[in-house]
Amino acid sequence: MENTEEVSLSSEQVWDVLQYADALYRDIKINGLDLYGNTYFYNPSTEKLNLKNLTNNPKVSSLEEIRSAQANYKYNDELLQEMSEFMKYWDSLYNKALRYYSSLLAWNWSYSCTNAQGADYASKEYKEDLQKVLDFFTKFNLKSEGSRIIDNCLVSDSYFTWFRKSSLGYTLQIMPQDRCKITGTSAVSRFLYDFDLSYFYDPSVNILNYDNSLQKAFVDFSKKGDNIRTFANSKNALRTTYIYNNWVRTKVDRGAWCWKFNDEDFNVVPPFTVIFKAIFDDDVIQRLQKNKDMIGSNFLLWGEMPLKKEGMVGTEKSAFKVDPKQTGQLLNLARKGVSKEIKIIPLPLENTRTAQFQDGNSNMAQNLLKSTAGQISNAPEFLYSTEHMSQEALKNALYLDYKWVSKIYRQMEDFLDYFVNKETTKYKFKFTVSGSNLYWNRKDEQDSFIKLLDKGILLNESKIASLWDMECQELIANMDEMKHNGFIDKLQLLLNTNTNNGEVKPNGRPMTDDNDNTELSRNYS
């Protein structure tokens, strides 16, 4: 029986519903700041989608679209960025090239004080400021952040971030890339950018996840509805006169920082745009090569079925020596017992002949992939290898690739010079970011340091740590621990040329390091 009894709500329940609805649709208010127009409604699915959309905006393109975009790269830079994002996950060689260049960088750092000399290095003020420097790098993971920077710059050329600090650590917040535009430069940061405040009107975007200066700029933007406004001396984000008043100039001192791989101009064209056409050609040629291989796998055999009497034609009844109907029945039984890939023809035949497709250029796909790899890297063997380079030639090629991609280090040095020195009080520091993950290159730098030691020249802890791919604070902590935990007392004096009496000297020629190349023609394997 249907229950027709009416259900009524109490006054308390009605009030709770109204409070819920009011909180759900009311503008956010926090710390006395009314965030007009921003109503955030949390949903894990949309939150996940927002995070993915910060950087991922791929564009599936055709060869014709790529040619058109490249021909007008000045006005299609955003489209080329979207194409590059698509290529990253569509073409394995392009993806491998991105990972290859990113992996070359070690992101080691070292410092030197710019305004200390003599007794200053032993002063209390210097030690306190140096500790602030070390604390900064303890909270800021340079290797991890640097890896993300170069990964994004290789795909899109530009990478918009915001330096955020908390008691737990420092990080570079990823800004929504399609809501940021490079609009200037400064003596501190190579590039300045504007941000689209209308992004915060999206109810799935939590404005509280962004810097307070952007929150205040959004409030100011939402309160006034005029189309042209001037905020030349704003204490928050720097504003100027705009017709499109939803864009705001971000400020470096608040944390806004734009990274750009090509720092020579303002075009935000991905660095590997030039090989887009070659990648599409690779795909076409690979399909063609596959079709040729499939055709070449067929072996044809044909001939003539013999007649009973010479001059008789096959249309006459029983003209063939073998009845075609019986032949077909036998072949039908035979086909059921063999694999479908094996083709069966009627036998016996006379005047039999054979034919098979001959591929005169069976390596066309392989050669094209090798050519594309050669356009991407000076050491194409690391991307697609069919031959061997000599070890010396390969080392030089790898070093050229490393020097090309390491120019991003200059921007990180500017970043550290600015933000780290904001932490110190009296003494200021200059930072150097360097280092590659190439074994022989790092070993050469270590050997050069050892030679300096032989001449009585000693570098500071940060430079020593960077040569051995360590953090400076890690090296200092380990050395301090070894000094005070009694470990040094357990060490024994090592033999050297001054203490060796010759009894343990090995016979024969001194061993050569594996990395020492005495034969330039030796293949790298």
# chains A, B, ... in the order shown; residues from 1 in each chain; ligands from 1
$ select_by_dssp --residues "segment 43-104 of chain A" --states "alpha helix (DSSP H)" --output "mmCIF file with N, CA, C and O atoms, in the first residue's frame"
data_model
loop_
_atom_site.group_PDB
_atom_site.id
_atom_site.type_symbol
_atom_site.label_atom_id
_atom_site.label_comp_id
_atom_site.auth_asym_id
_atom_site.auth_seq_id
_atom_site.Cartn_x
_atom_site.Cartn_y
_atom_site.Cartn_z
ATOM 1 N N PRO A 44 35.860 16.028 -6.615
ATOM 2 C CA PRO A 44 37.154 15.411 -6.932
ATOM 3 C C PRO A 44 37.394 15.237 -8.427
ATOM 4 O O PRO A 44 38.536 15.341 -8.902
ATOM 5 N N SER A 45 36.351 14.989 -9.190
ATOM 6 C CA SER A 45 36.523 14.789 -10.640
ATOM 7 C C SER A 45 36.941 16.091 -11.322
ATOM 8 O O SER A 45 37.873 16.112 -12.132
ATOM 9 N N THR A 46 36.225 17.191 -10.991
ATOM 10 C CA THR A 46 36.588 18.464 -11.607
ATOM 11 C C THR A 46 37.921 18.976 -11.072
ATOM 12 O O THR A 46 38.677 19.635 -11.790
ATOM 13 N N GLU A 47 38.212 18.686 -9.811
ATOM 14 C CA GLU A 47 39.496 19.100 -9.254
ATOM 15 C C GLU A 47 40.642 18.396 -9.997
ATOM 16 O O GLU A 47 41.668 19.010 -10.322
ATOM 17 N N LYS A 48 40.466 17.113 -10.268
ATOM 18 C CA LYS A 48 41.470 16.364 -11.019
ATOM 19 C C LYS A 48 41.605 16.913 -12.428
ATOM 20 O O LYS A 48 42.722 17.064 -12.954
ATOM 21 N N LEU A 49 40.475 17.235 -13.055
ATOM 22 C CA LEU A 49 40.508 17.772 -14.414
ATOM 23 C C LEU A 49 41.205 19.122 -14.447
ATOM 24 O O LEU A 49 41.959 19.419 -15.383
ATOM 25 N N ASN A 50 40.980 19.957 -13.432
ATOM 26 C CA ASN A 50 41.653 21.253 -13.373
ATOM 27 C C ASN A 50 43.163 21.090 -13.294
ATOM 28 O O ASN A 50 43.921 21.834 -13.928
ATOM 29 N N LEU A 51 43.614 20.146 -12.505
ATOM 30 C CA LEU A 51 45.049 19.907 -12.378
ATOM 31 C C LEU A 51 45.644 19.426 -13.698
ATOM 32 O O LEU A 51 46.752 19.825 -14.080
ATOM 33 N N LYS A 52 44.921 18.571 -14.408
ATOM 34 C CA LYS A 52 45.402 18.083 -15.699
ATOM 35 C C LYS A 52 45.439 19.206 -16.729
ATOM 36 O O LYS A 52 46.340 19.257 -17.572
ATOM 37 N N ASN A 53 44.492 20.127 -16.638
ATOM 38 C CA ASN A 53 44.405 21.206 -17.614
ATOM 39 C C ASN A 53 45.393 22.333 -17.360
ATOM 40 O O ASN A 53 45.475 23.276 -18.160
ATOM 41 N N LEU A 63 49.141 16.907 -41.229
ATOM 42 C CA LEU A 63 50.360 17.441 -41.818
ATOM 43 C C LEU A 63 50.107 18.817 -42.444
ATOM 44 O O LEU A 63 50.959 19.704 -42.359
ATOM 45 N N GLU A 64 48.927 19.005 -43.014
ATOM 46 C CA GLU A 64 48.608 20.291 -43.619
ATOM 47 C C GLU A 64 48.525 21.380 -42.551
ATOM 48 O O GLU A 64 49.001 22.515 -42.759
ATOM 49 N N GLU A 65 47.929 21.073 -41.400
ATOM 50 C CA GLU A 65 47.838 22.055 -40.322
ATOM 51 C C GLU A 65 49.218 22.402 -39.771
ATOM 52 O O GLU A 65 49.500 23.559 -39.431
ATOM 53 N N ILE A 66 50.086 21.402 -39.684
ATOM 54 C CA ILE A 66 51.444 21.642 -39.193
ATOM 55 C C ILE A 66 52.205 22.553 -40.153
ATOM 56 O O ILE A 66 52.874 23.505 -39.726
ATOM 57 N N ARG A 67 52.107 22.286 -41.444
ATOM 58 C CA ARG A 67 52.796 23.123 -42.421
ATOM 59 C C ARG A 67 52.301 24.570 -42.353
ATOM 60 O O ARG A 67 53.088 25.520 -42.420
ATOM 61 N N SER A 68 51.001 24.744 -42.210
ATOM 62 C CA SER A 68 50.438 26.084 -42.143
ATOM 63 C C SER A 68 50.876 26.812 -40.870
ATOM 64 O O SER A 68 51.227 27.995 -40.920
ATOM 65 N N ALA A 69 50.878 26.085 -39.741
ATOM 66 C CA ALA A 69 51.273 26.703 -38.471
ATOM 67 C C ALA A 69 52.752 27.071 -38.472
ATOM 68 O O ALA A 69 53.148 28.138 -37.976
ATOM 69 N N GLN A 70 53.588 26.221 -39.041
ATOM 70 C CA GLN A 70 55.027 26.511 -39.099
ATOM 71 C C GLN A 70 55.331 27.678 -40.027
ATOM 72 O O GLN A 70 56.232 28.477 -39.757
ATOM 73 N N ALA A 71 54.577 27.772 -41.098
ATOM 74 C CA ALA A 71 54.809 28.863 -42.042
ATOM 75 C C ALA A 71 54.461 30.220 -41.429
ATOM 76 O O ALA A 71 55.014 31.247 -41.849
ATOM 77 N N ASP A 77 51.998 30.478 -32.306
ATOM 78 C CA ASP A 77 52.845 29.874 -31.284
ATOM 79 C C ASP A 77 52.048 29.010 -30.308
ATOM 80 O O ASP A 77 52.487 27.929 -29.920
ATOM 81 N N GLU A 78 50.848 29.457 -29.929
ATOM 82 C CA GLU A 78 50.032 28.660 -29.014
ATOM 83 C C GLU A 78 49.574 27.361 -29.671
ATOM 84 O O GLU A 78 49.515 26.312 -29.022
ATOM 85 N N LEU A 79 49.239 27.426 -30.951
ATOM 86 C CA LEU A 79 48.842 26.220 -31.679
ATOM 87 C C LEU A 79 50.003 25.246 -31.773
ATOM 88 O O LEU A 79 49.827 24.027 -31.611
ATOM 89 N N LEU A 80 51.214 25.745 -32.002
ATOM 90 C CA LEU A 80 52.390 24.883 -32.065
ATOM 91 C C LEU A 80 52.679 24.251 -30.714
ATOM 92 O O LEU A 80 53.142 23.103 -30.640
ATOM 93 N N GLN A 81 52.407 24.965 -29.628
ATOM 94 C CA GLN A 81 52.558 24.385 -28.296
ATOM 95 C C GLN A 81 51.600 23.216 -28.098
ATOM 96 O O GLN A 81 51.972 22.170 -27.533
ATOM 97 N N GLU A 82 50.370 23.385 -28.550
ATOM 98 C CA GLU A 82 49.382 22.306 -28.431
ATOM 99 C C GLU A 82 49.783 21.105 -29.284
ATOM 100 O O GLU A 82 49.594 19.954 -28.886
ATOM 101 N N MET A 83 50.334 21.370 -30.450
ATOM 102 C CA MET A 83 50.808 20.284 -31.306
ATOM 103 C C MET A 83 51.966 19.544 -30.649
ATOM 104 O O MET A 83 52.066 18.309 -30.721
ATOM 105 N N SER A 84 52.859 20.284 -30.017
ATOM 106 C CA SER A 84 53.994 19.661 -29.335
ATOM 107 C C SER A 84 53.522 18.765 -28.197
ATOM 108 O O SER A 84 54.075 17.679 -27.978
ATOM 109 N N GLU A 85 52.503 19.212 -27.469
ATOM 110 C CA GLU A 85 51.945 18.397 -26.395
ATOM 111 C C GLU A 85 51.371 17.099 -26.952
ATOM 112 O O GLU A 85 51.526 16.028 -26.356
ATOM 113 N N PHE A 86 50.731 17.182 -28.106
ATOM 114 C CA PHE A 86 50.193 15.987 -28.751
ATOM 115 C C PHE A 86 51.315 15.057 -29.207
ATOM 116 O O PHE A 86 51.259 13.831 -29.015
ATOM 117 N N MET A 87 52.377 15.625 -29.812
ATOM 118 C CA MET A 87 53.498 14.828 -30.298
ATOM 119 C C MET A 87 54.196 14.083 -29.161
ATOM 120 O O MET A 87 54.720 12.981 -29.356
ATOM 121 N N LYS A 88 54.203 14.677 -27.981
ATOM 122 C CA LYS A 88 54.879 14.077 -26.831
ATOM 123 C C LYS A 88 54.344 12.680 -26.541
ATOM 124 O O LYS A 88 55.097 11.784 -26.140
ATOM 125 N N TYR A 89 53.045 12.484 -26.719
ATOM 126 C CA TYR A 89 52.439 11.187 -26.418
ATOM 127 C C TYR A 89 52.069 10.396 -27.677
ATOM 128 O O TYR A 89 51.615 9.261 -27.569
ATOM 129 N N TRP A 90 52.281 10.986 -28.839
ATOM 130 C CA TRP A 90 51.910 10.303 -30.074
ATOM 131 C C TRP A 90 53.107 9.656 -30.755
ATOM 132 O O TRP A 90 52.994 8.577 -31.331
ATOM 133 N N SER A 92 56.957 8.156 -30.472
ATOM 134 C CA SER A 92 57.925 7.634 -29.502
ATOM 135 C C SER A 92 59.283 8.310 -29.632
ATOM 136 O O SER A 92 59.971 8.539 -28.634
ATOM 137 N N LEU A 93 59.702 8.649 -30.858
ATOM 138 C CA LEU A 93 60.999 9.290 -31.053
ATOM 139 C C LEU A 93 61.000 10.698 -30.461
ATOM 140 O O LEU A 93 61.988 11.126 -29.853
ATOM 141 N N TYR A 94 59.904 11.419 -30.618
ATOM 142 C CA TYR A 94 59.788 12.769 -30.043
ATOM 143 C C TYR A 94 59.818 12.689 -28.513
ATOM 144 O O TYR A 94 60.506 13.474 -27.856
ATOM 145 N N ASN A 95 59.089 11.742 -27.952
ATOM 146 C CA ASN A 95 59.076 11.558 -26.497
ATOM 147 C C ASN A 95 60.459 11.198 -25.975
ATOM 148 O O ASN A 95 60.904 11.697 -24.939
ATOM 149 N N LYS A 96 61.149 10.349 -26.707
ATOM 150 C CA LYS A 96 62.491 9.939 -26.295
ATOM 151 C C LYS A 96 63.469 11.105 -26.357
ATOM 152 O O LYS A 96 64.356 11.231 -25.502
ATOM 153 N N ALA A 97 63.309 11.971 -27.353
ATOM 154 C CA ALA A 97 64.171 13.148 -27.463
ATOM 155 C C ALA A 97 63.982 14.081 -26.277
ATOM 156 O O ALA A 97 64.947 14.623 -25.727
ATOM 157 N N LEU A 98 62.739 14.280 -25.859
ATOM 158 C CA LEU A 98 62.455 15.135 -24.702
ATOM 159 C C LEU A 98 63.110 14.570 -23.447
ATOM 160 O O LEU A 98 63.722 15.307 -22.661
ATOM 161 N N ARG A 99 62.968 13.261 -23.250
ATOM 162 C CA ARG A 99 63.557 12.635 -22.059
ATOM 163 C C ARG A 99 65.083 12.653 -22.120
ATOM 164 O O ARG A 99 65.754 12.795 -21.092
ATOM 165 N N TYR A 100 65.629 12.531 -23.321
ATOM 166 C CA TYR A 100 67.089 12.538 -23.487
ATOM 167 C C TYR A 100 67.681 13.875 -23.065
ATOM 168 O O TYR A 100 68.627 13.931 -22.268
ATOM 169 N N TYR A 101 67.120 14.954 -23.579
ATOM 170 C CA TYR A 101 67.662 16.271 -23.253
ATOM 171 C C TYR A 101 67.441 16.620 -21.781
ATOM 172 O O TYR A 101 68.305 17.220 -21.140
ATOM 173 N N SER A 102 66.290 16.267 -21.244
ATOM 174 C CA SER A 102 66.020 16.560 -19.837
ATOM 175 C C SER A 102 66.986 15.828 -18.917
ATOM 176 O O SER A 102 67.428 16.371 -17.893
ATOM 177 N N SER A 103 67.341 14.594 -19.271
ATOM 178 C CA SER A 103 68.203 13.779 -18.408
ATOM 179 C C SER A 103 69.659 14.229 -18.429
ATOM 180 O O SER A 103 70.455 13.771 -17.605
#
$ residues_around --residues "segment 439-443 of chain A" --least-positions-apart "2" --cutoff "12 Å" --atoms "only C-alpha atoms" --output "ChimeraX atom specification"
/A:104-106,108,391-392,394-396,398-400,402-403,434-437,445-450,464,466-469,513-517
$ write_last_selection --atoms "N, CA and C atoms" --output "JSON list (two decimals), in the first residue's frame"
[["chain", "number", "residue", "atom", "x", "y", "z"],
["A", 104, "LEU", "N", 70.03, 15.12, -19.34],
["A", 104, "LEU", "CA", 71.42, 15.58, -19.40],
["A", 104, "LEU", "C", 71.77, 16.50, -18.24],
["A", 105, "LEU", "N", 70.78, 17.17, -17.66],
["A", 105, "LEU", "CA", 71.03, 18.19, -16.65],
["A", 105, "LEU", "C", 71.02, 17.60, -15.25],
["A", 106, "ALA", "N", 72.02, 17.98, -14.44],
["A", 106, "ALA", "CA", 72.14, 17.47, -13.07],
["A", 106, "ALA", "C", 71.61, 18.47, -12.04],
["A", 108, "ASN", "N", 73.09, 20.94, -10.26],
["A", 108, "ASN", "CA", 73.94, 21.16, -9.08],
["A", 108, "ASN", "C", 74.12, 22.66, -8.87],
["A", 391, "GLN", "N", 84.06, 6.71, -30.08],
["A", 391, "GLN", "CA", 83.82, 7.19, -28.73],
["A", 391, "GLN", "C", 84.09, 8.69, -28.62],
["A", 392, "GLU", "N", 85.15, 9.16, -29.25],
["A", 392, "GLU", "CA", 85.48, 10.57, -29.16],
["A", 392, "GLU", "C", 84.42, 11.43, -29.85],
["A", 394, "LEU", "N", 81.28, 10.63, -30.27],
["A", 394, "LEU", "CA", 80.07, 10.57, -29.48],
["A", 394, "LEU", "C", 80.15, 11.49, -28.26],
["A", 395, "LYS", "N", 81.31, 11.52, -27.61],
["A", 395, "LYS", "CA", 81.49, 12.40, -26.45],
["A", 395, "LYS", "C", 81.32, 13.86, -26.84],
["A", 396, "ASN", "N", 81.88, 14.25, -27.96],
["A", 396, "ASN", "CA", 81.74, 15.63, -28.41],
["A", 396, "ASN", "C", 80.29, 15.96, -28.75],
["A", 398, "LEU", "N", 77.55, 14.50, -27.50],
["A", 398, "LEU", "CA", 76.80, 14.59, -26.25],
["A", 398, "LEU", "C", 77.05, 15.90, -25.53],
["A", 399, "TYR", "N", 78.31, 16.35, -25.56],
["A", 399, "TYR", "CA", 78.64, 17.60, -24.88],
["A", 399, "TYR", "C", 77.95, 18.79, -25.56],
["A", 400, "LEU", "N", 77.86, 18.78, -26.88],
["A", 400, "LEU", "CA", 77.17, 19.85, -27.59],
["A", 400, "LEU", "C", 75.69, 19.88, -27.23],
["A", 402, "TYR", "N", 74.41, 18.80, -24.42],
["A", 402, "TYR", "CA", 74.33, 19.27, -23.03],
["A", 402, "TYR", "C", 74.47, 20.79, -22.96],
["A", 403, "LYS", "N", 75.43, 21.36, -23.69],
["A", 403, "LYS", "CA", 75.63, 22.80, -23.65],
["A", 403, "LYS", "C", 74.41, 23.55, -24.19],
["A", 434, "SER", "N", 75.02, 24.27, -12.38],
["A", 434, "SER", "CA", 75.84, 23.60, -13.40],
["A", 434, "SER", "C", 75.69, 22.09, -13.25],
["A", 435, "GLY", "N", 76.48, 21.38, -14.03],
["A", 435, "GLY", "CA", 76.56, 19.93, -13.90],
["A", 435, "GLY", "C", 75.75, 19.16, -14.92],
["A", 436, "SER", "N", 76.34, 18.08, -15.43],
["A", 436, "SER", "CA", 75.64, 17.18, -16.33],
["A", 436, "SER", "C", 75.65, 15.78, -15.74],
["A", 437, "ASN", "N", 74.76, 14.94, -16.24],
["A", 437, "ASN", "CA", 74.71, 13.55, -15.80],
["A", 437, "ASN", "C", 75.57, 12.64, -16.67],
["A", 445, "GLU", "N", 85.59, 17.03, -14.62],
["A", 445, "GLU", "CA", 85.52, 18.16, -13.69],
["A", 445, "GLU", "C", 86.13, 17.78, -12.34],
["A", 446, "GLN", "N", 85.91, 16.55, -11.91],
["A", 446, "GLN", "CA", 86.51, 16.10, -10.65],
["A", 446, "GLN", "C", 88.03, 16.05, -10.76],
["A", 447, "ASP", "N", 88.53, 15.56, -11.88],
["A", 447, "ASP", "CA", 89.97, 15.50, -12.08],
["A", 447, "ASP", "C", 90.58, 16.90, -12.10],
["A", 448, "SER", "N", 89.88, 17.85, -12.68],
["A", 448, "SER", "CA", 90.37, 19.23, -12.70],
["A", 448, "SER", "C", 90.45, 19.79, -11.28],
["A", 449, "PHE", "N", 89.47, 19.42, -10.45],
["A", 449, "PHE", "CA", 89.50, 19.86, -9.05],
["A", 449, "PHE", "C", 90.69, 19.26, -8.30],
["A", 450, "ILE", "N", 90.95, 17.99, -8.54],
["A", 450, "ILE", "CA", 92.10, 17.33, -7.89],
["A", 450, "ILE", "C", 93.40, 18.02, -8.29],
["A", 464, "ILE", "N", 82.56, 21.77, -4.07],
["A", 464, "ILE", "CA", 82.96, 20.37, -3.92],
["A", 464, "ILE", "C", 81.74, 19.46, -3.98],
["A", 466, "SER", "N", 78.86, 20.04, -5.46],
["A", 466, "SER", "CA", 78.29, 20.01, -6.80],
["A", 466, "SER", "C", 79.08, 19.10, -7.73],
["A", 467, "LEU", "N", 80.40, 19.03, -7.53],
["A", 467, "LEU", "CA", 81.23, 18.16, -8.37],
["A", 467, "LEU", "C", 80.91, 16.69, -8.14],
["A", 468, "TRP", "N", 80.45, 16.35, -6.94],
["A", 468, "TRP", "CA", 80.11, 14.96, -6.63],
["A", 468, "TRP", "C", 78.61, 14.75, -6.54],
["A", 469, "ASP", "N", 77.86, 15.66, -7.17],
["A", 469, "ASP", "CA", 76.40, 15.53, -7.27],
["A", 469, "ASP", "C", 75.75, 15.39, -5.90],
["A", 513, "ASP", "N", 92.29, 4.09, -17.33],
["A", 513, "ASP", "CA", 90.88, 4.20, -16.99],
["A", 513, "ASP", "C", 90.01, 3.82, -18.18],
["A", 514, "ASP", "N", 88.87, 3.20, -17.89],
["A", 514, "ASP", "CA", 87.98, 2.77, -18.97],
["A", 514, "ASP", "C", 87.52, 3.94, -19.83],
["A", 515, "ASN", "N", 87.48, 5.12, -19.23],
["A", 515, "ASN", "CA", 87.00, 6.28, -19.97],
["A", 515, "ASN", "C", 88.09, 6.97, -20.77],
["A", 516, "ASP", "N", 89.34, 6.56, -20.56],
["A", 516, "ASP", "CA", 90.46, 7.17, -21.26],
["A", 516, "ASP", "C", 90.54, 6.60, -22.67],
["A", 517, "ASN", "N", 90.36, 7.44, -23.65],
["A", 517, "ASN", "CA", 90.30, 6.99, -25.04],
["A", 517, "ASN", "C", 91.64, 7.24, -25.73]]
$ closest_residue --among "A:Asn206, A:Ser158, A:Ser390, A:Asn262" --to "Ile182 of chain A" --atoms "only C-alpha atoms"
A:Ser158
$ atom_distance --atom1 "atom CA of Tyr73 of chain A" --atom2 "atom CA of Val269 of chain A"
7.2 Å
$ residues_around --residues "segment 163-170 of chain A" --least-positions-apart "5" --cutoff "6 Å" --atoms "only C-alpha atoms" --output "list in words"
Lys139, Phe140 and Gly255 of chain A
$ select_by_dssp --residues "segment 100-150 of chain A" --states "strand (DSSP E or B)" --output "PyMOL selection string"
chain A and resi 105-113+140
$ atom_distance --atom1 "atom CA of Ile275 of chain A" --atom2 "atom CA of Lys407 of chain A"
21.0 Å
